[in-house]
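**Student:** I'm passing along coords.cif; it holds mmCIF, C-alpha atoms.
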```cif
data_final
loop_
_atom_site.label_atom_id
_atom_site.label_comp_id
_atom_site.auth_asym_id
_atom_site.auth_seq_id
_atom_site.Cartn_x
_atom_site.Cartn_y
_atom_site.Cartn_z
CA MET V 1 -27.67 -17.24 -13.89
CA ASN V 2 -28.43 -16.07 -10.39
CA GLN V 3 -27.76 -12.66 -8.88
CA PHE V 4 -24.19 -13.24 -7.73
CA GLU V 5 -23.24 -14.75 -11.07
CA HIS V 6 -24.65 -11.71 -12.87
CA TYR V 7 -22.71 -9.46 -10.51
CA LEU V 8 -19.41 -11.25 -11.21
CA ARG V 9 -20.04 -11.30 -14.95
CA ALA V 10 -20.69 -7.53 -14.95
CA GLN V 11 -17.64 -6.76 -12.79
CA THR V 12 -15.00 -9.15 -14.16
CA GLN V 13 -13.69 -10.90 -17.26
CA LEU V 14 -14.09 -14.35 -15.63
CA THR V 15 -15.38 -17.20 -17.78
CA ASP V 16 -18.76 -18.76 -16.99
CA ASP V 17 -16.96 -21.83 -15.63
CA ASP V 18 -14.86 -19.69 -13.29
CA ILE V 19 -17.92 -17.77 -12.12
CA LEU V 20 -19.72 -21.03 -11.37
CA ARG V 21 -16.69 -22.27 -9.47
CA VAL V 22 -16.58 -19.15 -7.26
CA ARG V 23 -20.34 -19.42 -6.63
CA SER V 24 -20.20 -23.14 -5.87
CA CYS V 25 -17.60 -22.56 -3.11
CA ALA V 26 -19.93 -20.21 -1.21
CA THR V 27 -22.20 -21.10 1.69
CA SER V 28 -25.64 -19.49 1.86
CA LEU V 29 -26.92 -17.90 5.05
CA THR V 30 -30.20 -16.21 5.94
CA VAL V 31 -30.35 -13.94 8.98
CA ARG V 32 -33.31 -12.20 10.55
CA LYS V 33 -33.43 -8.50 11.31
CA ARG V 34 -31.27 -7.64 14.36
CA GLN V 35 -29.52 -11.02 14.27
CA PRO V 36 -25.70 -10.84 14.62
CA VAL V 37 -23.43 -12.28 11.92
CA LEU V 38 -20.20 -11.48 13.80
CA CYS V 39 -19.66 -10.56 17.47
CA ALA V 40 -16.73 -8.62 18.93
CA GLY V 41 -14.20 -11.09 20.35
CA ASP V 42 -14.72 -13.60 17.54
CA VAL V 43 -12.34 -13.84 14.58
CA CYS V 44 -13.89 -12.73 11.28
CA ARG V 45 -13.24 -15.86 9.19
CA HIS V 46 -15.50 -15.14 6.21
CA LYS V 47 -16.03 -12.69 3.41
CA LEU V 48 -19.72 -11.87 3.19
CA PHE V 49 -21.66 -10.87 0.07
CA VAL V 50 -25.16 -9.42 0.51
CA LEU V 51 -27.77 -10.84 -1.91
CA THR V 52 -30.77 -9.13 -0.28
CA GLY V 53 -31.12 -7.05 2.85
CA LEU V 54 -28.77 -4.78 4.73
CA LEU V 55 -25.88 -5.23 7.21
CA ARG V 56 -24.12 -2.78 9.43
CA VAL V 57 -20.57 -3.16 10.78
CA TYR V 58 -20.17 -1.30 14.08
CA ARG V 59 -17.94 -0.98 17.11
CA VAL V 60 -18.93 -0.38 20.73
CA GLY V 61 -16.79 2.08 22.72
CA GLN V 62 -15.81 1.69 26.38
CA ASP V 63 -18.77 3.88 27.37
CA GLY V 64 -21.17 1.67 25.39
CA THR V 65 -21.56 4.08 22.47
CA GLU V 66 -22.03 2.39 19.10
CA SER V 67 -20.00 3.69 16.12
CA VAL V 68 -21.13 2.58 12.67
CA MET V 69 -18.14 1.68 10.49
CA ARG V 70 -20.12 0.79 7.37
CA PHE V 71 -23.42 -0.30 5.83
CA SER V 72 -23.49 -3.10 3.25
CA ALA V 73 -26.57 -3.47 1.04
CA GLU V 74 -27.38 -5.67 -1.99
CA ASN V 75 -24.36 -6.55 -4.17
CA GLN V 76 -21.93 -5.24 -1.55
CA TRP V 77 -19.37 -7.06 0.54
CA ALA V 78 -18.87 -6.97 4.30
CA ILE V 79 -15.98 -8.06 6.51
CA ASP V 80 -14.16 -6.75 9.53
CA HIS V 81 -10.98 -6.01 7.56
CA GLU V 82 -8.64 -5.94 10.56
CA SER V 83 -9.82 -9.22 12.09
CA TYR V 84 -9.95 -10.96 8.70
CA THR V 85 -6.45 -9.90 7.64
CA THR V 86 -4.71 -10.36 11.02
CA GLU V 87 -6.79 -13.36 12.17
CA THR V 88 -7.19 -11.76 15.61
CA PRO V 89 -10.41 -11.25 17.64
CA SER V 90 -12.65 -8.61 16.13
CA HIS V 91 -13.47 -5.23 17.67
CA CYS V 92 -16.59 -5.16 15.50
CA TYR V 93 -20.11 -6.49 15.42
CA ILE V 94 -21.87 -7.22 12.14
CA GLU V 95 -25.65 -7.38 12.34
CA ALA V 96 -28.59 -7.50 9.97
CA LEU V 97 -30.69 -4.32 9.88
CA GLU V 98 -33.27 -6.15 7.73
CA ASP V 99 -33.93 -9.82 6.99
CA THR V 100 -30.84 -10.58 4.93
CA THR V 101 -29.56 -13.35 2.62
CA LEU V 102 -25.82 -13.76 2.30
CA LEU V 103 -23.11 -15.73 0.57
CA LEU V 104 -20.02 -16.63 2.66
CA TRP V 105 -16.53 -17.79 1.72
CA THR V 106 -13.84 -18.75 4.23
CA LYS V 107 -10.42 -17.12 3.87
CA GLU V 108 -8.92 -20.53 2.93
CA THR V 109 -11.46 -20.96 0.14
CA MET V 110 -10.87 -17.42 -1.11
CA ASN V 111 -7.10 -17.97 -1.18
CA GLU V 112 -7.54 -21.21 -3.13
CA LEU V 113 -9.76 -19.41 -5.64
CA PHE V 114 -7.22 -16.57 -5.97
CA ALA V 115 -4.40 -19.07 -6.60
CA ALA V 116 -6.46 -20.87 -9.27
CA MET V 117 -7.87 -17.74 -10.93
CA PRO V 118 -5.53 -14.74 -11.25
CA ALA V 119 -8.39 -12.69 -12.76
CA PHE V 120 -10.50 -13.28 -9.65
CA ARG V 121 -7.59 -12.23 -7.48
CA ALA V 122 -7.11 -9.08 -9.57
CA PHE V 123 -10.82 -8.30 -9.09
CA SER V 124 -10.49 -8.75 -5.33
CA ASP V 125 -7.39 -6.50 -5.29
CA ARG V 126 -9.33 -3.82 -7.15
CA LEU V 127 -12.19 -4.02 -4.63
CA LYS V 128 -9.68 -3.70 -1.79
CA ASP V 129 -8.10 -0.65 -3.39
CA GLU V 130 -11.51 0.95 -3.93
CA SER V 131 -12.47 0.21 -0.34
CA HIS V 132 -9.24 1.75 0.96
CA ASN V 133 -9.72 4.81 -1.27
CA LYS V 134 -13.21 5.26 0.20
CA SER V 135 -11.78 5.01 3.71
CA LEU V 136 -9.20 7.71 2.91
CA GLN V 137 -11.93 9.91 1.42
CA ARG V 138 -13.96 9.40 4.60
CA ILE V 139 -10.96 10.41 6.76
CA PHE V 140 -10.58 13.58 4.67
CA SER V 141 -14.29 14.27 5.12
CA ASN V 142 -14.08 13.55 8.88
CA ILE V 143 -11.24 15.99 9.49
CA SER V 144 -12.22 18.74 7.06
CA HIS V 145 -15.96 18.88 6.35
CA SER V 146 -18.77 20.42 8.37
CA ALA V 147 -21.55 18.19 9.73
CA GLU V 148 -23.84 19.49 6.97
CA GLU V 149 -21.32 18.74 4.20
CA LYS V 150 -20.83 15.21 5.59
CA TYR V 151 -24.60 14.64 5.72
CA ASN V 152 -25.15 15.90 2.16
CA ALA V 153 -22.33 13.72 0.82
CA PHE V 154 -23.70 10.64 2.64
CA VAL V 155 -27.20 11.15 1.20
CA ALA V 156 -25.80 11.70 -2.31
CA GLU V 157 -23.58 8.60 -2.16
CA ASN V 158 -26.03 6.29 -0.36
CA PRO V 159 -29.51 7.26 -1.57
CA THR V 160 -31.06 3.84 -1.00
CA VAL V 161 -29.27 2.94 2.24
CA PHE V 162 -30.09 6.36 3.64
CA ARG V 163 -33.84 5.68 3.51
CA ARG V 164 -33.49 2.29 5.22
CA VAL V 165 -31.51 3.09 8.37
CA PRO V 166 -32.58 4.94 11.53
CA LEU V 167 -31.31 8.51 11.79
CA HIS V 168 -29.21 7.82 14.89
CA MET V 169 -27.17 5.29 12.89
CA VAL V 170 -26.50 7.87 10.17
CA ALA V 171 -25.40 10.29 12.92
CA SER V 172 -23.12 7.60 14.35
CA TYR V 173 -21.63 6.83 10.90
CA LEU V 174 -20.92 10.54 10.34
CA GLY V 175 -19.60 11.14 13.86
CA VAL V 176 -22.11 13.90 14.61
CA THR V 177 -24.72 14.09 17.39
CA ARG V 178 -28.36 13.23 16.75
CA GLU V 179 -29.27 16.81 17.71
CA THR V 180 -26.94 18.27 15.07
CA LEU V 181 -28.31 15.89 12.43
CA SER V 182 -31.92 16.72 13.36
CA ARG V 183 -31.13 20.45 13.04
CA ILE V 184 -29.58 19.91 9.58
CA ARG V 185 -32.56 17.86 8.40
CA GLN V 186 -35.04 20.41 9.74
CA LYS V 187 -33.22 23.16 7.83
CA HIS V 188 -33.39 21.04 4.63
CA HIS V 189 -37.14 20.50 5.05
CA GLN V 190 -37.71 24.23 5.59
CA LEU V 191 -35.78 25.05 2.42
CA ARG V 192 -38.00 22.80 0.29
CA MET D 1 24.10 -3.48 3.38
CA ASN D 2 22.49 -0.07 3.35
CA GLN D 3 19.45 1.10 5.30
CA PHE D 4 16.75 -0.03 2.87
CA GLU D 5 18.35 -3.46 2.50
CA HIS D 6 18.41 -3.85 6.29
CA TYR D 7 14.76 -2.81 6.42
CA LEU D 8 13.72 -5.40 3.80
CA ARG D 9 15.79 -8.13 5.47
CA ALA D 10 14.14 -7.42 8.83
CA GLN D 11 10.63 -7.31 7.35
CA THR D 12 10.67 -10.13 4.80
CA GLN D 13 12.06 -13.57 3.96
CA LEU D 14 13.60 -12.32 0.70
CA THR D 15 17.03 -13.62 -0.27
CA ASP D 16 19.97 -11.20 -0.42
CA ASP D 17 19.85 -11.38 -4.22
CA ASP D 18 16.16 -10.46 -4.26
CA ILE D 19 16.75 -7.59 -1.82
CA LEU D 20 19.54 -6.24 -4.02
CA ARG D 21 17.29 -6.52 -7.05
CA VAL D 22 14.51 -4.48 -5.38
CA ARG D 23 17.04 -1.87 -4.24
CA SER D 24 18.72 -1.66 -7.65
CA CYS D 25 15.39 -0.82 -9.34
CA ALA D 26 14.91 2.27 -7.16
CA THR D 27 15.78 5.84 -8.03
CA SER D 28 17.24 8.08 -5.32
CA LEU D 29 15.92 11.57 -4.68
CA THR D 30 16.89 14.30 -2.25
CA VAL D 31 14.41 17.08 -1.51
CA ARG D 32 14.85 20.20 0.61
CA LYS D 33 12.53 21.22 3.41
CA ARG D 34 9.21 22.59 2.02
CA GLN D 35 9.92 21.21 -1.46
CA PRO D 36 6.98 19.36 -3.07
CA VAL D 37 7.34 15.73 -4.18
CA LEU D 38 3.80 15.53 -5.62
CA CYS D 39 1.34 18.32 -6.50
CA ALA D 40 -2.46 18.04 -6.71
CA GLY D 41 -3.45 17.54 -10.34
CA ASP D 42 -0.46 15.31 -11.12
CA VAL D 43 -0.77 11.52 -11.17
CA CYS D 44 1.11 9.79 -8.34
CA ARG D 45 3.29 7.42 -10.38
CA HIS D 46 5.76 6.32 -7.70
CA LYS D 47 5.94 4.54 -4.40
CA LEU D 48 8.20 6.53 -2.06
CA PHE D 49 10.32 5.15 0.77
CA VAL D 50 11.81 7.62 3.27
CA LEU D 51 15.47 6.98 4.14
CA THR D 52 15.94 10.15 6.20
CA GLY D 53 13.68 13.12 6.85
CA LEU D 54 9.94 13.55 6.99
CA LEU D 55 7.09 13.89 4.46
CA ARG D 56 3.51 14.94 4.86
CA VAL D 57 0.65 14.02 2.53
CA TYR D 58 -2.09 16.66 2.62
CA ARG D 59 -5.14 17.91 0.78
CA VAL D 60 -6.32 21.50 0.31
CA GLY D 61 -10.06 22.15 0.65
CA GLN D 62 -12.09 24.55 -1.47
CA ASP D 63 -11.66 27.24 1.20
CA GLY D 64 -7.88 26.78 1.16
CA THR D 65 -7.71 24.82 4.42
CA GLU D 66 -4.99 22.16 4.52
CA SER D 67 -5.89 18.69 5.87
CA VAL D 68 -3.01 16.40 6.77
CA MET D 69 -3.68 12.84 5.58
CA ARG D 70 -0.45 11.32 6.88
CA PHE D 71 3.15 11.84 7.98
CA SER D 72 5.89 9.49 6.70
CA ALA D 73 9.22 9.40 8.55
CA GLU D 74 12.31 7.17 8.24
CA ASN D 75 11.60 3.59 7.08
CA GLN D 76 8.04 4.47 6.13
CA TRP D 77 6.36 4.58 2.74
CA ALA D 78 4.34 7.38 1.16
CA ILE D 79 1.98 7.50 -1.80
CA ASP D 80 -1.34 9.04 -2.66
CA HIS D 81 -3.18 5.71 -2.64
CA GLU D 82 -6.14 6.86 -4.73
CA SER D 83 -4.10 8.48 -7.50
CA TYR D 84 -1.58 5.61 -7.57
CA THR D 85 -4.21 2.87 -7.79
CA THR D 86 -6.61 4.60 -10.20
CA GLU D 87 -3.94 6.46 -12.21
CA THR D 88 -6.01 9.64 -12.05
CA PRO D 89 -4.89 13.16 -11.05
CA SER D 90 -4.18 13.43 -7.35
CA HIS D 91 -6.15 15.47 -4.82
CA CYS D 92 -3.04 15.46 -2.61
CA TYR D 93 0.22 17.27 -2.18
CA ILE D 94 3.27 15.49 -0.78
CA GLU D 95 5.94 17.78 0.62
CA ALA D 96 9.10 17.47 2.68
CA LEU D 97 8.84 18.87 6.22
CA GLU D 98 12.61 18.40 6.63
CA ASP D 99 15.48 17.86 4.18
CA THR D 100 14.59 14.34 3.02
CA THR D 101 16.23 11.47 1.10
CA LEU D 102 13.94 9.06 -0.70
CA LEU D 103 13.87 5.93 -2.80
CA LEU D 104 11.31 5.83 -5.63
CA TRP D 105 9.90 2.98 -7.73
CA THR D 106 7.46 3.43 -10.62
CA LYS D 107 4.29 1.35 -10.59
CA GLU D 108 5.53 -0.57 -13.66
CA THR D 109 8.76 -1.47 -11.86
CA MET D 110 6.89 -2.51 -8.72
CA ASN D 111 4.55 -4.73 -10.75
CA GLU D 112 7.52 -6.38 -12.48
CA LEU D 113 9.15 -7.03 -9.09
CA PHE D 114 5.88 -8.47 -7.72
CA ALA D 115 5.57 -10.81 -10.72
CA ALA D 116 9.15 -12.00 -10.32
CA MET D 117 9.11 -12.30 -6.50
CA PRO D 118 5.88 -13.58 -4.92
CA ALA D 119 7.40 -13.04 -1.44
CA PHE D 120 7.91 -9.34 -2.22
CA ARG D 121 4.33 -9.12 -3.43
CA ALA D 122 3.10 -10.81 -0.25
CA PHE D 123 5.07 -8.26 1.79
CA SER D 124 3.51 -5.39 -0.16
CA ASP D 125 0.03 -6.91 0.34
CA ARG D 126 0.68 -7.11 4.10
CA LEU D 127 1.75 -3.44 4.20
CA LYS D 128 -1.41 -2.49 2.28
CA ASP D 129 -3.58 -4.43 4.74
CA GLU D 130 -1.85 -2.78 7.70
CA SER D 131 -2.26 0.63 6.13
CA HIS D 132 -5.98 0.02 5.52
CA ASN D 133 -6.42 -1.27 9.09
CA LYS D 134 -4.83 1.96 10.38
CA SER D 135 -7.19 4.00 8.22
CA LEU D 136 -10.19 2.13 9.64
CA GLN D 137 -8.88 2.64 13.19
CA ARG D 138 -8.52 6.36 12.41
CA ILE D 139 -12.11 6.52 11.14
CA PHE D 140 -13.29 4.89 14.37
CA SER D 141 -11.25 7.42 16.35
CA ASN D 142 -12.59 10.32 14.26
CA ILE D 143 -16.24 9.44 14.79
CA SER D 144 -16.06 8.24 18.40
CA HIS D 145 -13.19 9.78 20.36
CA SER D 146 -12.93 13.17 22.05
CA ALA D 147 -10.27 15.63 20.87
CA GLU D 148 -8.21 14.80 23.97
CA GLU D 149 -8.39 11.04 23.33
CA LYS D 150 -7.33 11.57 19.71
CA TYR D 151 -4.40 13.75 20.79
CA ASN D 152 -3.20 11.26 23.41
CA ALA D 153 -3.39 8.38 20.95
CA PHE D 154 -1.48 10.36 18.31
CA VAL D 155 1.32 11.21 20.76
CA ALA D 156 1.53 7.59 21.96
CA GLU D 157 1.64 6.17 18.41
CA ASN D 158 3.90 8.84 16.87
CA PRO D 159 6.33 9.89 19.61
CA THR D 160 9.13 10.93 17.23
CA VAL D 161 6.98 12.49 14.50
CA PHE D 162 5.05 14.40 17.13
CA ARG D 163 8.13 16.38 18.20
CA ARG D 164 9.08 17.26 14.63
CA VAL D 165 5.88 18.79 13.23
CA PRO D 166 4.24 22.14 13.98
CA LEU D 167 1.23 21.97 16.28
CA HIS D 168 -1.19 23.26 13.64
CA MET D 169 -0.35 20.24 11.46
CA VAL D 170 -1.13 17.87 14.33
CA ALA D 171 -4.44 19.72 14.79
CA SER D 172 -5.14 19.36 11.08
CA TYR D 173 -4.29 15.62 11.14
CA LEU D 174 -6.66 15.10 14.09
CA GLY D 175 -9.43 17.30 12.67
CA VAL D 176 -9.54 19.59 15.72
CA THR D 177 -8.98 23.34 15.91
CA ARG D 178 -5.64 24.80 17.00
CA GLU D 179 -7.41 26.43 19.95
CA THR D 180 -8.77 23.08 21.17
CA LEU D 181 -5.33 21.47 20.81
CA SER D 182 -3.65 24.35 22.68
CA ARG D 183 -6.16 23.98 25.52
CA ILE D 184 -5.50 20.23 25.76
CA ARG D 185 -1.72 20.75 25.79
CA GLN D 186 -1.99 23.49 28.42
CA LYS D 187 -4.02 21.14 30.63
CA HIS D 188 -1.36 18.42 30.21
CA HIS D 189 1.43 20.83 31.19
CA GLN D 190 -0.51 21.93 34.29
CA LEU D 191 -1.00 18.31 35.36
CA ARG D 192 2.74 17.59 35.25
#
```
How would this structure read if it were set down as structure tokens?

**Tutor:**
Amino acid sequence: MNQFEHYLRAQTQLTDDDILRVRSCATSLTVRKRQPVLCAGDVCRHKLFVLTGLLRVYRVGQDGTESVMRFSAENQWAIDHESYTTETPSHCYIEALEDTTLLLWTKETMNELFAAMPAFRAFSDRLKDESHNKSLQRIFSNISHSAEEKYNAFVAENPTVFRRVPLHMVASYLGVTRETLSRIRQKHHQLR
Amino acid sequence: MNQFEHYLRAQTQLTDDDILRVRSCATSLTVRKRQPVLCAGDVCRHKLFVLTGLLRVYRVGQDGTESVMRFSAENQWAIDHESYTTETPSHCYIEALEDTTLLLWTKETMNELFAAMPAFRAFSDRLKDESHNKSLQRIFSNISHSAEEKYNAFVAENPTVFRRVPLHMVASYLGVTRETLSRIRQKHHQLR
């Protein structure tokens, strides 16, 4: 069994045949560091699963400022949820922060798999709920936590991703300035 | 037809019989202004639909600060998504900001209706996607927009709710201080 098959077996009650069927419907893609997987203006037509490497989903504001919406590392999914669900042009870019290998399914393929395999659909629904719950937790953090609390929570929840992304992208993800983040990190180093 | 039946007819392709079936499975509830509908620590076991009035969903931080997660007015739904989906104790309170009339469905009832009516399930899935897309848009706004941009967007998107809630709750929803919000509003009044 390969990595994705192990992942599905650990996460679901699908039979080996079902797991093979899901895997066989995927397309493989390898992207180099800094290469885009989705550009703003295009419709996000695929669900992406990261086998190795790291993606970031980000938006660019009218003043050119980049805002990181999420990071997706090994065994994590990535889409632009709005573009994928509404089938309208994306506001997001998805790019590789490292050389990355991916599996891709089109929305049509996914829907066929859901119709054929209720247990796979239930798994997808659970992932969507978890993803939405994380978004709501992030909103709560955004509107109520200090910059330092947000930073500490990010490091605790993303210990591996944290070490692999430049500091200014962490600042962008948290919605704090680089200067504030540098001050917080300096304080942490002094306390050690 | 009553209000909820009109709402479902406008939003879905359900037959009149199906609409009546959904409506007949609901429980009615009337709550007075300031009365709680859900308390932190309880499991959110119902989906709520507001017929008249106004609800707010909010969390209370360790220092006692309230953070408004959402407002739900007429023809809008309210749940604590995390507690409802995971069936774990809620971090949220839901309270009435005005005298409010509601319809309630338990999760078991909703799941039975979804199983019996795929079109009702598809409608619920669409609402969930829209709700998640709004959450993602709010995260982008939180991490990238100025307090003034956030305020202007809130007023534009919630013209009726905006006039019905105290200013400190709008500040809490936006994650800005009351003082900042007062300054922005003063500036707007001067410009008129």

**Student:** Report the residues retrieved by the PyMOL selection byres ((chain D and resi 94) around 7) from the displayed file, expressed as a VMD selection string.

**Tutor:** chain D and resid 36 to 39 55 to 58 92 to 93 95

**Student:** Between D:Val161, D:Leu136, D:Met69, D:Leu167, which has the minimum distance to Leu54 in chain D (counting only C-alpha atoms)?

**Tutor:**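 When distances to Leu54 in chain D are compared using only C-alpha atoms, the smallest one comes from D:Val161.
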
**Student:** Counting only C-alpha atoms, which residues from chain D have an atom at most 9 Å from any atom of chain V, and could you show them as a PyMOL selection string?

**Tutor:** chain D and resi 59+61+65-69+81-82+85-86+126+128-140+142-145+172-176

**Student:** Of the candidates V:Arg178, V:Phe123, V:Ala116, V:Leu102, which one gets nearest to Arg9 in chain V if we count all atoms listed in the file?

**Tutor:**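 Counting all atoms listed in the file, the residue closest to Arg9 in chain V is V:Phe123.
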
**Student:** What does the PyMOL selection byres ((chain D and resi 12) around 8) select in this file, as a PyMOL selection string?

**Tutor:** chain D and resi 8-11+13-14+119-120+123

**Student:** Generate a file of the selected residues that holds C-alpha atoms, formatted as a PDB file, in the frame of the given file.

**Tutor:**
```
ATOM      1  CA  LEU D   8      13.720  -5.400   3.800  1.00  0.00           C
ATOM      2  CA  ARG D   9      15.790  -8.130   5.470  1.00  0.00           C
ATOM      3  CA  ALA D  10      14.140  -7.420   8.830  1.00  0.00           C
ATOM      4  CA  GLN D  11      10.630  -7.310   7.350  1.00  0.00           C
ATOM      5  CA  GLN D  13      12.060 -13.570   3.960  1.00  0.00           C
ATOM      6  CA  LEU D  14      13.600 -12.320   0.700  1.00  0.00           C
ATOM      7  CA  ALA D 119       7.400 -13.040  -1.440  1.00  0.00           C
ATOM      8  CA  PHE D 120       7.910  -9.340  -2.220  1.00  0.00           C
ATOM      9  CA  PHE D 123       5.070  -8.260   1.790  1.00  0.00           C
TER      10      PHE D 123
END
```

**Student:** Grab the CA of Arg45 in chain V to CA of Thr106 in chain V distance for me, in Å with one decimal place.

**Tutor:**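 Taking CA of Arg45 in chain V and CA of Thr106 in chain V, their separation equals 5.8 Å.
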
**Student:** Select, from V:Gly64, V:Val50, V:Trp77, V:Leu181, the residue with the minimum atom-to-atom distance to Ser146 in chain V, counting all atoms listed in the file.

**Tutor:**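 Of all the options, V:Leu181 lies closest to Ser146 in chain V.
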
**Student:** Kindly extract all protein, DNA and RNA residues lying within 8 Å of the coordinates (-33.2, -6.3, 6.1) given in the file, considering all atoms listed in the file, and supply them as a list in words.

**Tutor:**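 Residues with an atom at most 8 Å from (-33.2, -6.3, 6.1): Arg32, Lys33, Thr52, Gly53, Leu54, Leu55, Ala96, Leu97, Glu98, Asp99 and Thr100 of chain V.
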
**Student:** Please provide the set of residues having any atom within 9 Å of Thr27 in chain V, restricted to all atoms listed in the file, with same-chain residues fewer than 6 positions apart removed, written as JSON, numbers by chain.

**Tutor:** {"V": [102, 103, 104, 105]}

**Student:** As a check of understanding, name the residues that the PyMOL selection byres ((chain V and resi 30) around 6) selects in the supplied structure, as a PDB file with C-alpha atoms, in the coordinates of the input.

**Tutor:**
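See out_34.pdb below for the written result:
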```
ATOM      1  CA  LEU V  29     -26.920 -17.900   5.050  1.00  0.00           C
ATOM      2  CA  VAL V  31     -30.350 -13.940   8.980  1.00  0.00           C
ATOM      3  CA  THR V 100     -30.840 -10.580   4.930  1.00  0.00           C
ATOM      4  CA  THR V 101     -29.560 -13.350   2.620  1.00  0.00           C
TER       5      THR V 101
END
```

**Student:** So that I can check the surroundings of Ala26 in chain V, please list as a short mmCIF file (atom, residue, chain, number, x, y, z; two decimals) with C-alpha atoms, keeping the file's coordinate frame every protein, DNA and RNA residue that reaches within 12 Å of it, counting only C-alpha atoms and ignoring chain neighbours fewer than 2 positions away.

**Tutor:**
```cif
data_model
loop_
_atom_site.label_atom_id
_atom_site.label_comp_id
_atom_site.auth_asym_id
_atom_site.auth_seq_id
_atom_site.Cartn_x
_atom_site.Cartn_y
_atom_site.Cartn_z
CA PHE V 4 -24.19 -13.24 -7.73
CA GLU V 5 -23.24 -14.75 -11.07
CA ILE V 19 -17.92 -17.77 -12.12
CA LEU V 20 -19.72 -21.03 -11.37
CA ARG V 21 -16.69 -22.27 -9.47
CA VAL V 22 -16.58 -19.15 -7.26
CA ARG V 23 -20.34 -19.42 -6.63
CA SER V 24 -20.20 -23.14 -5.87
CA SER V 28 -25.64 -19.49 1.86
CA LEU V 29 -26.92 -17.90 5.05
CA HIS V 46 -15.50 -15.14 6.21
CA LYS V 47 -16.03 -12.69 3.41
CA LEU V 48 -19.72 -11.87 3.19
CA PHE V 49 -21.66 -10.87 0.07
CA LEU V 102 -25.82 -13.76 2.30
CA LEU V 103 -23.11 -15.73 0.57
CA LEU V 104 -20.02 -16.63 2.66
CA TRP V 105 -16.53 -17.79 1.72
CA THR V 106 -13.84 -18.75 4.23
CA LYS V 107 -10.42 -17.12 3.87
CA GLU V 108 -8.92 -20.53 2.93
CA THR V 109 -11.46 -20.96 0.14
CA MET V 110 -10.87 -17.42 -1.11
CA LEU V 113 -9.76 -19.41 -5.64
#
```

**Student:** When you draw a straight line from CA of Asn152 in chain V to CA of Thr177 in chain V, how long is it in Å?

**Tutor:** 15.3 Å

**Student:** Kindly give the distance, in Å, that separates CA of Cys44 in chain D and CA of Gln62 in chain D, rounded to a single decimal.

**Tutor:**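 Straight-line distance from CA of Cys44 in chain D to CA of Gln62 in chain D works out to 21.0 Å.
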
**Student:** Of the residues D:Asp18, D:Ser72, D:His189, D:Asn111, which is the one nearest to Val165 in chain D, using all atoms listed in the file?

**Tutor:**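 Between D:Asp18, D:Ser72, D:His189, D:Asn111, the residue approaching Val165 in chain D most closely is D:Ser72.
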
**Student:** Could you write out as lines of an AutoDock Vina configuration file the box around range 36-51 of chain V (axis-aligned, all atoms listed in the file, 4 Å on each side), with centre and edge lengths in Å to one decimal?

**Tutor:**
```
center_x = -20.1
center_y = -12.2
center_z = 9.2
size_x = 23.4
size_y = 15.2
size_z = 30.3
```

**Student:** Take range 6-16 of chain V, model N, CA and C atoms, and hand the result over as a PDB file, keeping the file's coordinate frame.

**Tutor:**
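Saved to rebuild06.pdb:
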```
ATOM      1  N   HIS V   6     -24.502 -12.917 -12.055  1.00  0.00           N
ATOM      2  CA  HIS V   6     -24.650 -11.710 -12.870  1.00  0.00           C
ATOM      3  C   HIS V   6     -23.697 -10.614 -12.402  1.00  0.00           C
ATOM      4  N   TYR V   7     -23.606 -10.474 -11.084  1.00  0.00           N
ATOM      5  CA  TYR V   7     -22.710  -9.460 -10.510  1.00  0.00           C
ATOM      6  C   TYR V   7     -21.276  -9.696 -10.969  1.00  0.00           C
ATOM      7  N   LEU V   8     -20.795 -10.945 -10.838  1.00  0.00           N
ATOM      8  CA  LEU V   8     -19.410 -11.250 -11.210  1.00  0.00           C
ATOM      9  C   LEU V   8     -19.181 -11.072 -12.706  1.00  0.00           C
ATOM     10  N   ARG V   9     -20.188 -11.442 -13.493  1.00  0.00           N
ATOM     11  CA  ARG V   9     -20.040 -11.300 -14.950  1.00  0.00           C
ATOM     12  C   ARG V   9     -19.926  -9.820 -15.338  1.00  0.00           C
ATOM     13  N   ALA V  10     -20.718  -8.968 -14.638  1.00  0.00           N
ATOM     14  CA  ALA V  10     -20.690  -7.530 -14.950  1.00  0.00           C
ATOM     15  C   ALA V  10     -19.372  -6.890 -14.504  1.00  0.00           C
ATOM     16  N   GLN V  11     -18.788  -7.427 -13.416  1.00  0.00           N
ATOM     17  CA  GLN V  11     -17.640  -6.760 -12.790  1.00  0.00           C
ATOM     18  C   GLN V  11     -16.291  -7.305 -13.252  1.00  0.00           C
ATOM     19  N   THR V  12     -16.279  -8.495 -13.857  1.00  0.00           N
ATOM     20  CA  THR V  12     -15.000  -9.150 -14.160  1.00  0.00           C
ATOM     21  C   THR V  12     -14.990  -9.714 -15.575  1.00  0.00           C
ATOM     22  N   GLN V  13     -13.830 -10.227 -15.974  1.00  0.00           N
ATOM     23  CA  GLN V  13     -13.690 -10.900 -17.260  1.00  0.00           C
ATOM     24  C   GLN V  13     -13.689 -12.417 -17.067  1.00  0.00           C
ATOM     25  N   LEU V  14     -14.134 -12.913 -15.901  1.00  0.00           N
ATOM     26  CA  LEU V  14     -14.090 -14.350 -15.630  1.00  0.00           C
ATOM     27  C   LEU V  14     -14.973 -15.118 -16.609  1.00  0.00           C
ATOM     28  N   THR V  15     -14.559 -16.342 -16.930  1.00  0.00           N
ATOM     29  CA  THR V  15     -15.380 -17.200 -17.780  1.00  0.00           C
ATOM     30  C   THR V  15     -16.572 -17.712 -16.981  1.00  0.00           C
ATOM     31  N   ASP V  16     -17.587 -18.218 -17.683  1.00  0.00           N
ATOM     32  CA  ASP V  16     -18.760 -18.760 -16.990  1.00  0.00           C
ATOM     33  C   ASP V  16     -18.369 -19.902 -16.059  1.00  0.00           C
TER      34      ASP V  16
END
```
